[in-house]
$ cat structure_36.pdb   # PDB, C-alpha atoms and all ligand atoms
ATOM      1  CA  MET A  29       2.236  12.341  31.902
ATOM      2  CA  ASP A  30       4.250  15.450  31.192
ATOM      3  CA  THR A  31       2.280  18.645  31.843
ATOM      4  CA  ILE A  32       3.115  19.821  28.299
ATOM      5  CA  LEU A  33       0.803  17.105  26.993
ATOM      6  CA  LYS A  34      -2.053  18.226  29.272
ATOM      7  CA  SER A  35      -2.394  21.713  27.775
ATOM      8  CA  THR A  36      -2.435  22.868  24.141
ATOM      9  CA  HIS A  37       0.531  21.546  22.171
ATOM     10  CA  ILE A  38       1.658  20.446  18.701
ATOM     11  CA  ARG A  39       2.737  16.861  18.021
ATOM     12  CA  LYS A  40       4.965  15.731  15.188
ATOM     13  CA  ASN A  41       4.366  12.730  12.943
ATOM     14  CA  ILE A  42       7.812  11.103  12.734
ATOM     15  CA  LEU A  43       6.843   9.237   9.552
ATOM     16  CA  THR A  44       5.860  12.276   7.498
ATOM     17  CA  GLY A  45       7.178  15.323   9.362
ATOM     18  CA  GLU A  46       3.626  16.730   9.529
ATOM     19  CA  LYS A  47       2.072  18.215  12.644
ATOM     20  CA  VAL A  48      -1.196  18.074  14.585
ATOM     21  CA  LEU A  49      -2.547  20.586  17.119
ATOM     22  CA  VAL A  50      -3.844  18.912  20.314
ATOM     23  CA  SER A  51      -6.225  20.851  22.595
ATOM     24  CA  PRO A  52      -7.109  18.513  25.500
ATOM     25  CA  HIS A  53      -9.186  21.100  27.409
ATOM     26  CA  ARG A  54     -11.731  21.419  24.572
ATOM     27  CA  THR A  55     -13.332  18.003  25.125
ATOM     28  CA  GLN A  56     -15.692  19.620  27.652
ATOM     29  CA  ARG A  57     -17.224  22.179  25.262
ATOM     30  CA  PRO A  58     -20.937  21.793  24.425
ATOM     31  CA  TRP A  59     -21.774  20.128  21.144
ATOM     32  CA  GLN A  60     -24.182  21.914  18.805
ATOM     33  CA  GLY A  61     -23.192  20.273  15.570
ATOM     34  CA  LYS A  62     -24.865  17.934  13.173
ATOM     35  CA  MET A  63     -26.493  14.728  14.387
ATOM     36  CA  GLU A  64     -26.387  12.078  11.684
ATOM     37  CA  GLU A  65     -28.998   9.426  11.362
ATOM     38  CA  ASP A  66     -27.987   5.877  12.133
ATOM     39  CA  SER A  67     -27.908   3.752   9.052
ATOM     40  CA  ILE A  68     -30.083   0.699   9.363
ATOM     41  CA  GLN A  69     -28.050  -2.488   9.204
ATOM     42  CA  LEU A  70     -29.630  -5.412   7.458
ATOM     43  CA  ASN A  71     -27.941  -8.719   8.105
ATOM     44  CA  ILE A  72     -28.582 -10.609   4.916
ATOM     45  CA  ASP A  73     -26.182 -13.148   3.335
ATOM     46  CA  TYR A  74     -27.169 -12.338  -0.222
ATOM     47  CA  ASP A  75     -28.619  -9.239  -1.875
ATOM     48  CA  PRO A  76     -29.923  -9.767  -5.442
ATOM     49  CA  SER A  77     -29.267  -6.074  -6.249
ATOM     50  CA  CYS A  78     -25.635  -6.093  -4.980
ATOM     51  CA  TYR A  79     -23.013  -5.945  -7.740
ATOM     52  CA  LEU A  80     -20.467  -7.749  -5.510
ATOM     53  CA  CYS A  81     -22.529 -10.758  -4.416
ATOM     54  CA  PRO A  82     -21.706 -14.103  -6.117
ATOM     55  CA  GLY A  83     -23.524 -14.786  -9.384
ATOM     56  CA  ASN A  84     -24.745 -11.189  -9.825
ATOM     57  CA  SER A  85     -24.026  -8.954 -12.835
ATOM     58  CA  ARG A  86     -21.920  -5.808 -12.615
ATOM     59  CA  ALA A  87     -22.088  -2.508 -14.532
ATOM     60  CA  SER A  88     -19.788  -3.973 -17.213
ATOM     61  CA  GLN A  89     -22.377  -6.768 -17.704
ATOM     62  CA  ASP A  90     -19.734  -9.235 -16.471
ATOM     63  CA  LYS A  91     -21.151 -11.817 -14.117
ATOM     64  CA  ASN A  92     -19.445 -12.527 -10.782
ATOM     65  CA  PRO A  93     -18.527 -16.193 -10.359
ATOM     66  CA  HIS A  94     -20.015 -18.190  -7.487
ATOM     67  CA  TYR A  95     -16.909 -17.499  -5.412
ATOM     68  CA  HIS A  96     -16.295 -19.088  -1.997
ATOM     69  CA  ASP A  97     -13.783 -16.850  -0.191
ATOM     70  CA  THR A  98     -12.210 -13.827  -1.904
ATOM     71  CA  PHE A  99     -12.837 -12.584  -5.435
ATOM     72  CA  VAL A 100     -10.804  -9.948  -7.309
ATOM     73  CA  PHE A 101     -11.762  -8.069 -10.463
ATOM     74  CA  THR A 102     -10.645  -4.922 -12.297
ATOM     75  CA  ASN A 103     -12.796  -1.955 -11.248
ATOM     76  CA  ASP A 104     -15.497  -1.285 -13.847
ATOM     77  CA  TYR A 105     -15.076   2.460 -13.159
ATOM     78  CA  ALA A 106     -11.282   2.489 -12.747
ATOM     79  CA  ALA A 107      -9.682   5.872 -11.975
ATOM     80  CA  LEU A 108      -6.378   4.547 -13.329
ATOM     81  CA  LYS A 109      -6.087   2.594 -16.583
ATOM     82  CA  PRO A 110      -3.196   0.662 -18.132
ATOM     83  CA  GLU A 111      -3.810   1.826 -21.700
ATOM     84  CA  GLN A 112      -3.996   5.548 -22.373
ATOM     85  CA  THR A 113      -2.336   8.608 -23.950
ATOM     86  CA  GLN A 114       1.242   8.987 -22.780
ATOM     87  CA  GLY A 115       3.194  12.162 -22.262
ATOM     88  CA  GLU A 116       3.559  15.537 -20.620
ATOM     89  CA  TYR A 117       1.530  18.750 -20.890
ATOM     90  CA  LYS A 118       3.385  22.046 -20.565
ATOM     91  CA  LYS A 119       1.923  25.479 -21.196
ATOM     92  CA  GLY A 120       3.366  28.518 -19.457
ATOM     93  CA  LEU A 121       3.137  27.752 -15.755
ATOM     94  CA  LEU A 122       0.799  24.824 -16.252
ATOM     95  CA  ASN A 123       2.163  21.329 -16.076
ATOM     96  CA  ALA A 124       0.622  17.856 -16.151
ATOM     97  CA  GLN A 125       1.727  14.318 -16.859
ATOM     98  CA  SER A 126      -0.128  11.243 -18.029
ATOM     99  CA  GLU A 127      -0.570   8.514 -15.431
ATOM    100  CA  LYS A 128      -1.080   4.808 -16.040
ATOM    101  CA  GLY A 129      -2.344   2.324 -13.496
ATOM    102  CA  ILE A 130      -4.723  -0.433 -12.512
ATOM    103  CA  CYS A 131      -7.649  -0.365 -10.049
ATOM    104  CA  LYS A 132      -8.987  -3.590  -8.622
ATOM    105  CA  VAL A 133     -11.794  -4.514  -6.274
ATOM    106  CA  VAL A 134     -11.261  -7.276  -3.708
ATOM    107  CA  CYS A 135     -14.410  -8.916  -2.338
ATOM    108  CA  PHE A 136     -13.534 -10.168   1.137
ATOM    109  CA  SER A 137     -16.298 -12.760   1.374
ATOM    110  CA  PRO A 138     -19.297 -14.073  -0.600
ATOM    111  CA  ASN A 139     -21.440 -13.205   2.455
ATOM    112  CA  HIS A 140     -23.032  -9.783   1.880
ATOM    113  CA  SER A 141     -22.989  -8.790   5.582
ATOM    114  CA  LEU A 142     -19.830 -10.436   6.902
ATOM    115  CA  THR A 143     -17.498  -7.597   7.957
ATOM    116  CA  LEU A 144     -13.830  -8.108   8.953
ATOM    117  CA  SER A 145     -14.817  -7.851  12.625
ATOM    118  CA  LYS A 146     -17.269 -10.744  12.279
ATOM    119  CA  MET A 147     -15.021 -13.032  10.215
ATOM    120  CA  ASN A 148     -13.009 -15.823  11.764
ATOM    121  CA  ILE A 149      -9.191 -15.782  11.636
ATOM    122  CA  ASP A 150      -9.105 -18.282   8.794
ATOM    123  CA  GLU A 151     -11.295 -16.036   6.622
ATOM    124  CA  ILE A 152      -9.140 -12.948   7.312
ATOM    125  CA  GLU A 153      -5.992 -14.975   6.480
ATOM    126  CA  LYS A 154      -7.454 -15.652   3.021
ATOM    127  CA  ILE A 155      -7.864 -11.898   2.474
ATOM    128  CA  ILE A 156      -4.242 -11.248   3.508
ATOM    129  CA  LYS A 157      -3.072 -13.991   1.116
ATOM    130  CA  THR A 158      -5.128 -12.383  -1.660
ATOM    131  CA  TRP A 159      -3.498  -8.994  -0.910
ATOM    132  CA  GLN A 160      -0.093 -10.728  -1.074
ATOM    133  CA  SER A 161      -0.681 -12.387  -4.432
ATOM    134  CA  GLU A 162      -2.186  -9.231  -5.942
ATOM    135  CA  PHE A 163       0.746  -7.196  -4.635
ATOM    136  CA  LYS A 164       3.262  -9.655  -6.151
ATOM    137  CA  GLU A 165       1.500  -9.766  -9.491
ATOM    138  CA  LEU A 166       1.121  -5.978  -9.781
ATOM    139  CA  SER A 167       4.663  -5.233  -8.561
ATOM    140  CA  GLU A 168       6.062  -7.318 -11.437
ATOM    141  CA  LEU A 169       4.520  -4.976 -14.016
ATOM    142  CA  SER A 170       7.165  -2.541 -15.259
ATOM    143  CA  PHE A 171       4.810   0.485 -15.261
ATOM    144  CA  ILE A 172       3.620  -0.082 -11.663
ATOM    145  CA  ASN A 173       5.792   1.718  -9.101
ATOM    146  CA  TYR A 174       3.425   1.996  -6.150
ATOM    147  CA  ILE A 175       0.541  -0.154  -4.884
ATOM    148  CA  GLN A 176      -2.106   1.062  -2.433
ATOM    149  CA  ILE A 177      -4.328  -1.508  -0.702
ATOM    150  CA  PHE A 178      -7.268   0.025   1.182
ATOM    151  CA  GLU A 179     -10.800  -0.402   2.479
ATOM    152  CA  ASN A 180     -13.498   2.256   2.891
ATOM    153  CA  ARG A 181     -16.145   1.061   5.272
ATOM    154  CA  GLY A 182     -19.528   2.685   5.890
ATOM    155  CA  ASP A 183     -21.728   5.293   4.191
ATOM    156  CA  ILE A 184     -19.974   8.062   6.088
ATOM    157  CA  MET A 185     -16.723   7.120   4.290
ATOM    158  CA  GLY A 186     -18.389   7.209   0.894
ATOM    159  CA  CYS A 187     -18.896   3.476   0.705
ATOM    160  CA  SER A 188     -22.518   2.863  -0.182
ATOM    161  CA  ASN A 189     -22.277  -0.907  -0.621
ATOM    162  CA  PRO A 190     -22.141  -2.856   2.682
ATOM    163  CA  HIS A 191     -20.755  -5.958   0.929
ATOM    164  CA  PRO A 192     -17.312  -6.501   2.545
ATOM    165  CA  HIS A 193     -14.709  -5.381   0.033
ATOM    166  CA  GLY A 194     -11.581  -3.336  -0.415
ATOM    167  CA  GLN A 195      -9.660  -1.849  -3.298
ATOM    168  CA  ILE A 196      -6.171  -1.889  -4.770
ATOM    169  CA  TRP A 197      -4.943   1.078  -6.785
ATOM    170  CA  ALA A 198      -1.580   0.581  -8.474
ATOM    171  CA  GLN A 199       0.144   3.370 -10.378
ATOM    172  CA  GLU A 200       3.184   4.703 -12.198
ATOM    173  CA  THR A 201       4.045   7.660  -9.954
ATOM    174  CA  ILE A 202       5.162   7.367  -6.332
ATOM    175  CA  PRO A 203       2.547   9.443  -4.439
ATOM    176  CA  ASN A 204       3.180  12.287  -1.959
ATOM    177  CA  GLU A 205       2.574  10.382   1.297
ATOM    178  CA  ILE A 206       4.965   7.644   0.213
ATOM    179  CA  ILE A 207       7.675  10.111  -0.845
ATOM    180  CA  LYS A 208       7.507  11.715   2.634
ATOM    181  CA  LYS A 209       7.647   8.362   4.433
ATOM    182  CA  THR A 210      10.411   7.034   2.189
ATOM    183  CA  ASP A 211      12.579  10.035   3.105
ATOM    184  CA  LYS A 212      11.979   9.603   6.855
ATOM    185  CA  PHE A 213      12.541   5.829   6.797
ATOM    186  CA  SER A 214      15.749   6.158   4.818
ATOM    187  CA  GLU A 215      17.125   9.039   6.898
ATOM    188  CA  TYR A 216      16.606   7.134  10.176
ATOM    189  CA  TYR A 217      17.883   3.795   8.888
ATOM    190  CA  THR A 218      21.125   5.362   7.611
ATOM    191  CA  LYS A 219      21.844   6.762  11.078
ATOM    192  CA  HIS A 220      20.598   3.951  13.338
ATOM    193  CA  ASP A 221      20.718   0.740  11.287
ATOM    194  CA  LYS A 222      17.173   0.014  12.499
ATOM    195  CA  THR A 223      13.855   1.178  11.112
ATOM    196  CA  ILE A 224      12.227   4.170  12.782
ATOM    197  CA  LEU A 225       9.096   2.076  13.467
ATOM    198  CA  GLU A 226      11.139  -0.680  15.165
ATOM    199  CA  ASP A 227      12.440   1.867  17.658
ATOM    200  CA  TYR A 228       9.080   3.626  17.914
ATOM    201  CA  ILE A 229       7.103   0.489  18.804
ATOM    202  CA  GLU A 230       9.768  -0.502  21.329
ATOM    203  CA  GLN A 231       9.196   2.840  23.086
ATOM    204  CA  GLU A 232       5.410   2.414  22.872
ATOM    205  CA  ILE A 233       5.612  -1.102  24.355
ATOM    206  CA  ASN A 234       7.721   0.246  27.247
ATOM    207  CA  GLU A 235       5.481   3.255  27.904
ATOM    208  CA  ASN A 236       2.292   1.194  27.498
ATOM    209  CA  GLU A 237       0.100   4.312  27.236
ATOM    210  CA  ARG A 238      -1.092   4.181  23.657
ATOM    211  CA  LEU A 239      -0.808   0.420  23.133
ATOM    212  CA  ILE A 240      -4.074  -1.427  22.398
ATOM    213  CA  TYR A 241      -2.989  -4.973  21.588
ATOM    214  CA  GLU A 242       0.185  -6.990  21.123
ATOM    215  CA  ASN A 243       0.995 -10.488  19.880
ATOM    216  CA  GLU A 244       4.231 -12.222  18.850
ATOM    217  CA  ASP A 245       4.517 -10.383  15.522
ATOM    218  CA  PHE A 246       2.354  -7.231  15.725
ATOM    219  CA  VAL A 247       1.312  -4.302  17.872
ATOM    220  CA  VAL A 248      -1.829  -2.223  17.518
ATOM    221  CA  LEU A 249      -1.560   1.308  18.923
ATOM    222  CA  VAL A 250      -2.869   4.843  18.742
ATOM    223  CA  PRO A 251       0.081   6.732  17.245
ATOM    224  CA  PHE A 252       1.376   9.651  19.331
ATOM    225  CA  TRP A 253       0.625  11.948  16.338
ATOM    226  CA  ALA A 254      -2.860  10.543  15.545
ATOM    227  CA  VAL A 255      -5.106  13.000  13.682
ATOM    228  CA  TRP A 256      -8.446  11.136  13.713
ATOM    229  CA  PRO A 257     -10.086  10.662  17.145
ATOM    230  CA  PHE A 258      -9.745   6.854  17.194
ATOM    231  CA  GLU A 259      -6.950   6.476  14.645
ATOM    232  CA  THR A 260      -4.820   3.336  15.073
ATOM    233  CA  MET A 261      -1.900   1.597  13.411
ATOM    234  CA  ILE A 262      -1.078  -2.092  13.065
ATOM    235  CA  VAL A 263       2.707  -2.333  13.006
ATOM    236  CA  PRO A 264       4.682  -5.553  12.408
ATOM    237  CA  LYS A 265       7.553  -6.020  14.882
ATOM    238  CA  ASN A 266       9.774  -7.147  12.027
ATOM    239  CA  GLY A 267      10.472  -4.163   9.776
ATOM    240  CA  VAL A 268      10.104  -5.385   6.195
ATOM    241  CA  GLU A 269       9.253  -3.378   3.064
ATOM    242  CA  ASN A 270       5.970  -5.012   2.131
ATOM    243  CA  ILE A 271       3.525  -7.809   2.940
ATOM    244  CA  SER A 272       4.654 -10.166   0.189
ATOM    245  CA  GLN A 273       7.161 -12.131   2.300
ATOM    246  CA  LEU A 274       5.008 -12.735   5.392
ATOM    247  CA  ASP A 275       5.010 -16.439   6.309
ATOM    248  CA  SER A 276       1.916 -18.333   7.415
ATOM    249  CA  ALA A 277       2.498 -17.861  11.178
ATOM    250  CA  THR A 278       2.894 -14.098  10.688
ATOM    251  CA  ILE A 279      -0.209 -13.994   8.481
ATOM    252  CA  THR A 280      -2.183 -15.626  11.325
ATOM    253  CA  ASN A 281      -0.941 -13.016  13.796
ATOM    254  CA  TYR A 282      -1.718 -10.216  11.329
ATOM    255  CA  ALA A 283      -5.262 -11.610  10.958
ATOM    256  CA  LYS A 284      -5.599 -11.625  14.762
ATOM    257  CA  ALA A 285      -4.527  -7.969  14.943
ATOM    258  CA  ILE A 286      -7.085  -6.989  12.260
ATOM    259  CA  LYS A 287      -9.840  -8.988  13.973
ATOM    260  CA  THR A 288      -9.009  -7.397  17.347
ATOM    261  CA  ILE A 289      -9.007  -3.761  16.261
ATOM    262  CA  THR A 290     -12.092  -4.029  14.018
ATOM    263  CA  SER A 291     -14.009  -5.822  16.830
ATOM    264  CA  ILE A 292     -12.971  -3.132  19.325
ATOM    265  CA  TYR A 293     -14.161  -0.425  16.916
ATOM    266  CA  ASP A 294     -17.624  -2.014  16.597
ATOM    267  CA  LYS A 295     -17.972  -2.017  20.398
ATOM    268  CA  ILE A 296     -17.005   1.619  21.035
ATOM    269  CA  PHE A 297     -20.317   3.182  19.994
ATOM    270  CA  ASP A 298     -22.121  -0.124  19.523
ATOM    271  CA  VAL A 299     -22.399   0.299  15.745
ATOM    272  CA  PRO A 300     -20.470  -1.076  12.752
ATOM    273  CA  PHE A 301     -17.639   1.442  12.950
ATOM    274  CA  PRO A 302     -16.896   3.331   9.727
ATOM    275  CA  TYR A 303     -13.259   3.839   8.700
ATOM    276  CA  SER A 304     -10.728   4.084   5.915
ATOM    277  CA  ALA A 305      -7.992   1.508   6.419
ATOM    278  CA  GLY A 306      -4.900   1.247   4.255
ATOM    279  CA  ILE A 307      -1.510  -0.430   4.031
ATOM    280  CA  HIS A 308       1.537   1.702   3.327
ATOM    281  CA  GLN A 309       4.393  -0.232   1.727
ATOM    282  CA  ALA A 310       7.637   0.623  -0.064
ATOM    283  CA  PRO A 311       7.460   1.597  -3.747
ATOM    284  CA  THR A 312       7.791  -1.205  -6.319
ATOM    285  CA  ASP A 313      10.022   0.598  -8.822
ATOM    286  CA  GLY A 314      12.901  -1.847  -8.416
ATOM    287  CA  GLN A 315      14.999   0.449  -6.191
ATOM    288  CA  SER A 316      16.298  -0.644  -2.794
ATOM    289  CA  TYR A 317      14.184   0.574   0.146
ATOM    290  CA  GLU A 318      16.117  -0.576   3.190
ATOM    291  CA  GLY A 319      14.587   0.944   6.286
ATOM    292  CA  TRP A 320      11.030   0.928   4.902
ATOM    293  CA  HIS A 321       8.690  -0.677   7.450
ATOM    294  CA  TRP A 322       5.196  -1.495   6.113
ATOM    295  CA  HIS A 323       2.210  -0.759   8.363
ATOM    296  CA  MET A 324      -1.563  -0.515   8.258
ATOM    297  CA  SER A 325      -3.501   2.547   9.434
ATOM    298  CA  PHE A 326      -7.162   2.929  10.377
ATOM    299  CA  PHE A 327      -8.693   6.406  10.038
ATOM    300  CA  PRO A 328     -12.201   6.341  11.567
ATOM    301  CA  PRO A 329     -14.206   9.580  11.376
ATOM    302  CA  LEU A 330     -16.452   9.118  14.435
ATOM    303  CA  LEU A 331     -15.856  11.480  17.335
ATOM    304  CA  ARG A 332     -18.250  11.195  20.249
ATOM    305  CA  SER A 333     -21.055   8.843  19.266
ATOM    306  CA  ALA A 334     -22.350   6.764  16.385
ATOM    307  CA  THR A 335     -23.733   9.920  14.819
ATOM    308  CA  ILE A 336     -21.170  12.627  15.602
ATOM    309  CA  LYS A 337     -18.219  12.670  13.273
ATOM    310  CA  LYS A 338     -15.118  14.786  13.114
ATOM    311  CA  PHE A 339     -14.931  17.330  10.298
ATOM    312  CA  MET A 340     -11.678  18.466   8.751
ATOM    313  CA  VAL A 341     -12.689  22.049   8.031
ATOM    314  CA  GLY A 342     -11.657  25.659   8.679
ATOM    315  CA  TYR A 343      -8.360  25.695  10.578
ATOM    316  CA  GLU A 344      -7.700  22.113   9.516
ATOM    317  CA  MET A 345      -8.140  22.854   5.831
ATOM    318  CA  PHE A 346      -6.028  25.976   5.988
ATOM    319  CA  VAL A 347      -3.411  25.274   8.664
ATOM    320  CA  MET A 348      -3.095  21.812  10.200
ATOM    321  CA  PRO A 349      -5.262  19.061  11.701
ATOM    322  CA  GLN A 350      -6.505  19.638  15.243
ATOM    323  CA  ARG A 351      -7.893  17.240  17.842
ATOM    324  CA  ASP A 352      -9.498  17.563  21.280
ATOM    325  CA  ILE A 353      -9.481  14.034  22.700
ATOM    326  CA  THR A 354      -5.842  13.071  23.269
ATOM    327  CA  PRO A 355      -4.367   9.911  21.700
ATOM    328  CA  GLU A 356      -3.812   8.614  25.275
ATOM    329  CA  LYS A 357      -7.498   9.059  26.156
ATOM    330  CA  ALA A 358      -8.530   7.423  22.872
ATOM    331  CA  ALA A 359      -6.230   4.466  23.629
ATOM    332  CA  GLU A 360      -7.786   4.123  27.097
ATOM    333  CA  LEU A 361     -11.307   4.030  25.600
ATOM    334  CA  LEU A 362     -10.258   1.510  22.923
ATOM    335  CA  ARG A 363      -8.626  -0.767  25.508
ATOM    336  CA  LYS A 364     -11.859  -0.783  27.516
ATOM    337  CA  SER A 365     -13.653  -2.249  24.513
ATOM    338  CA  ILE A 366     -11.400  -5.301  24.176
ATOM    339  CA  LEU A 367     -13.539  -8.441  24.356
TER     340      LEU A 367
HETATM  341 ZN    ZN B 401     -23.317  -8.304  -1.750
END
$ encode --input "structure_36.pdb" --output "structure tokens"
Amino acid sequence: MDTILKSTHIRKNILTGEKVLVSPHRTQRPWQGKMEEDSIQLNIDYDPSCYLCPGNSRASQDKNPHYHDTFVFTNDYAALKPEQTQGEYKKGLLNAQSEKGICKVVCFSPNHSLTLSKMNIDEIEKIIKTWQSEFKELSELSFINYIQIFENRGDIMGCSNPHPHGQIWAQETIPNEIIKKTDKFSEYYTKHDKTILEDYIEQEINENERLIYENEDFVVLVPFWAVWPFETMIVPKNGVENISQLDSATITNYAKAIKTITSIYDKIFDVPFPYSAGIHQAPTDGQSYEGWHWHMSFFPPLLRSATIKKFMVGYEMFVMPQRDITPEKAAELLRKSIL
């Protein structure tokens, strides 16, 4: 590896233009930070007090059906709502705008303890198909211009309910991260007639340093510009705007990629690995987004053990993210945990 990458340097995220400071020599420093207690994992199929388990009542008093695979409902505490006051607020230098949207919860399985890593391929395929149909349905609504599919897993990520589930937030305004990526995708596609991620994964496959897993349709890798210690991306080889057109063979390969990375994560520190995972896709405002290449990112907070997590504080809050373990080292450790 180039000597530049062995001492302190700054890496650029080609999808957003943002930067991360990498300090490889700091991995040796003594740790005096917080030790978090392991959460006790109970492996039960059904929890009578869980608001996501089949047949149970939720805060709204609605009762969940006795569902068999996935189950979707509108969030009882939705941050975004379809009906509300419309308009703009302007007063001196202060400015605000109303925002409409829809927040849904997607239960991945009726089994209270069955995480993505423990599901079989067939069960993960059903989740992907649910994401597809929800995406299609929401994208047809005239006031929905962007759809975010995500999963927060583990207490550490603010998810107090272990029942396997994710969320979908759909909204009127195209959010910051998507504006940045849209610009980069469009700029590259205009010049090269290929998506920036198509060329990027080709380079990663050739270099084989940050690659974790590859099948016919997908790669899983630690991006060169990763911010979180064990951050990864699932990237489809075929650069399309969103997940709605994936055929059944591609869905199977996507499910295999999800199963592989989530299983690897659980083996790293021998605990159910916490993370935020999300799918970035092109906006749904009816414009053309040639060059947009959907992808899924995993942002896990753990750093050096099941109890030591990375904090984004101080320099990172005020300047830019910083990491000690290099993406190459993280990729090496992740590859060692492949079954
Ligand atoms: Zn449950």
$ closest_residue --input "structure_36.pdb" --among "A:Thr312, A:Thr158, A:Ser167, A:Asn189" --to "ligand ZN 401 (chain B)" --atoms "only C-alpha atoms and all ligand atoms"
A:Asn189
$ residues_near_ligand --input "structure_36.pdb" --ligand "ligand ZN 401 (chain B)" --cutoff "8 Å" --atoms "all atoms listed in the file" --output "PyMOL selection string"
chain A and resi 73-82+138-141+189-192
$ closest_residue --input "structure_36.pdb" --among "A:Tyr293, A:Phe346, A:Glu168, A:Gly319" --to "A:Ile366" --atoms "all atoms listed in the file"
A:Tyr293
$ atom_distance --input "structure_36.pdb" --atom1 "atom CA of A:Ile130" --atom2 "atom CA of A:Trp197"
5.9 Å
$ resolve_selection --input "structure_36.pdb" --expression "the PyMOL selection byres (((chain A and resi 217-233) around 10) and not hetatm)" --output "PyMOL selection string"
chain A and resi 42-43+212-216+234-242+246-252+263-268+318-323
$ write_last_selection --input "structure_36.pdb" --atoms "C-alpha atoms" --output "mmCIF file, in the frame of the given file"
data_model
loop_
_atom_site.group_PDB
_atom_site.id
_atom_site.type_symbol
_atom_site.label_atom_id
_atom_site.label_comp_id
_atom_site.auth_asym_id
_atom_site.auth_seq_id
_atom_site.Cartn_x
_atom_site.Cartn_y
_atom_site.Cartn_z
ATOM 1 C CA ILE A 42 7.812 11.103 12.734
ATOM 2 C CA LEU A 43 6.843 9.237 9.552
ATOM 3 C CA LYS A 212 11.979 9.603 6.855
ATOM 4 C CA PHE A 213 12.541 5.829 6.797
ATOM 5 C CA SER A 214 15.749 6.158 4.818
ATOM 6 C CA GLU A 215 17.125 9.039 6.898
ATOM 7 C CA TYR A 216 16.606 7.134 10.176
ATOM 8 C CA ASN A 234 7.721 0.246 27.247
ATOM 9 C CA GLU A 235 5.481 3.255 27.904
ATOM 10 C CA ASN A 236 2.292 1.194 27.498
ATOM 11 C CA GLU A 237 0.100 4.312 27.236
ATOM 12 C CA ARG A 238 -1.092 4.181 23.657
ATOM 13 C CA LEU A 239 -0.808 0.420 23.133
ATOM 14 C CA ILE A 240 -4.074 -1.427 22.398
ATOM 15 C CA TYR A 241 -2.989 -4.973 21.588
ATOM 16 C CA GLU A 242 0.185 -6.990 21.123
ATOM 17 C CA PHE A 246 2.354 -7.231 15.725
ATOM 18 C CA VAL A 247 1.312 -4.302 17.872
ATOM 19 C CA VAL A 248 -1.829 -2.223 17.518
ATOM 20 C CA LEU A 249 -1.560 1.308 18.923
ATOM 21 C CA VAL A 250 -2.869 4.843 18.742
ATOM 22 C CA PRO A 251 0.081 6.732 17.245
ATOM 23 C CA PHE A 252 1.376 9.651 19.331
ATOM 24 C CA VAL A 263 2.707 -2.333 13.006
ATOM 25 C CA PRO A 264 4.682 -5.553 12.408
ATOM 26 C CA LYS A 265 7.553 -6.020 14.882
ATOM 27 C CA ASN A 266 9.774 -7.147 12.027
ATOM 28 C CA GLY A 267 10.472 -4.163 9.776
ATOM 29 C CA VAL A 268 10.104 -5.385 6.195
ATOM 30 C CA GLU A 318 16.117 -0.576 3.190
ATOM 31 C CA GLY A 319 14.587 0.944 6.286
ATOM 32 C CA TRP A 320 11.030 0.928 4.902
ATOM 33 C CA HIS A 321 8.690 -0.677 7.450
ATOM 34 C CA TRP A 322 5.196 -1.495 6.113
ATOM 35 C CA HIS A 323 2.210 -0.759 8.363
#
$ resolve_selection --input "structure_36.pdb" --expression "the PyMOL selection byres (((chain A and resi 303) around 9) and not hetatm)" --output "PyMOL selection string"
chain A and resi 179-182+184-185+301-302+304-305+326-330
$ axis_aligned_box --input "structure_36.pdb" --around "stretch 261-276 of chain A" --padding-each-side "5 Å" --output "lines of an AutoDock Vina configuration file"
center_x = 4.3
center_y = -8.4
center_z = 7.5
size_x = 22.4
size_y = 29.9
size_z = 24.7
$ closest_residue --input "structure_36.pdb" --among "A:Thr290, A:Asp313, A:Lys118, A:Ser137" --to "A:Gln199" --atoms "all atoms listed in the file"
A:Asp313
$ residues_around --input "structure_36.pdb" --residues "A:Ala107" --least-positions-apart "2" --cutoff "10 Å" --atoms "all atoms listed in the file" --output "number ranges by chain"
A: 103-105, 109, 128-131, 197
$ atom_distance --input "structure_36.pdb" --atom1 "atom CA of A:Glu127" --atom2 "atom CA of A:Phe163"
19.1 Å
$ residues_near_point --input "structure_36.pdb" --point "(-19.9, 6.9, 20.0)" --cutoff "12 Å" --atoms "only C-alpha atoms" --output "number ranges by chain"
A: 63-64, 66, 257-258, 293-302, 328-338, 358, 361-362, 365
$ atom_distance --input "structure_36.pdb" --atom1 "atom CA of A:Val48" --atom2 "atom CA of A:Thr260"
15.2 Å
$ closest_residue --input "structure_36.pdb" --among "A:Met348, A:Val341, A:Ile156, A:Ala106" --to "A:Gln273" --atoms "only C-alpha atoms"
A:Ile156
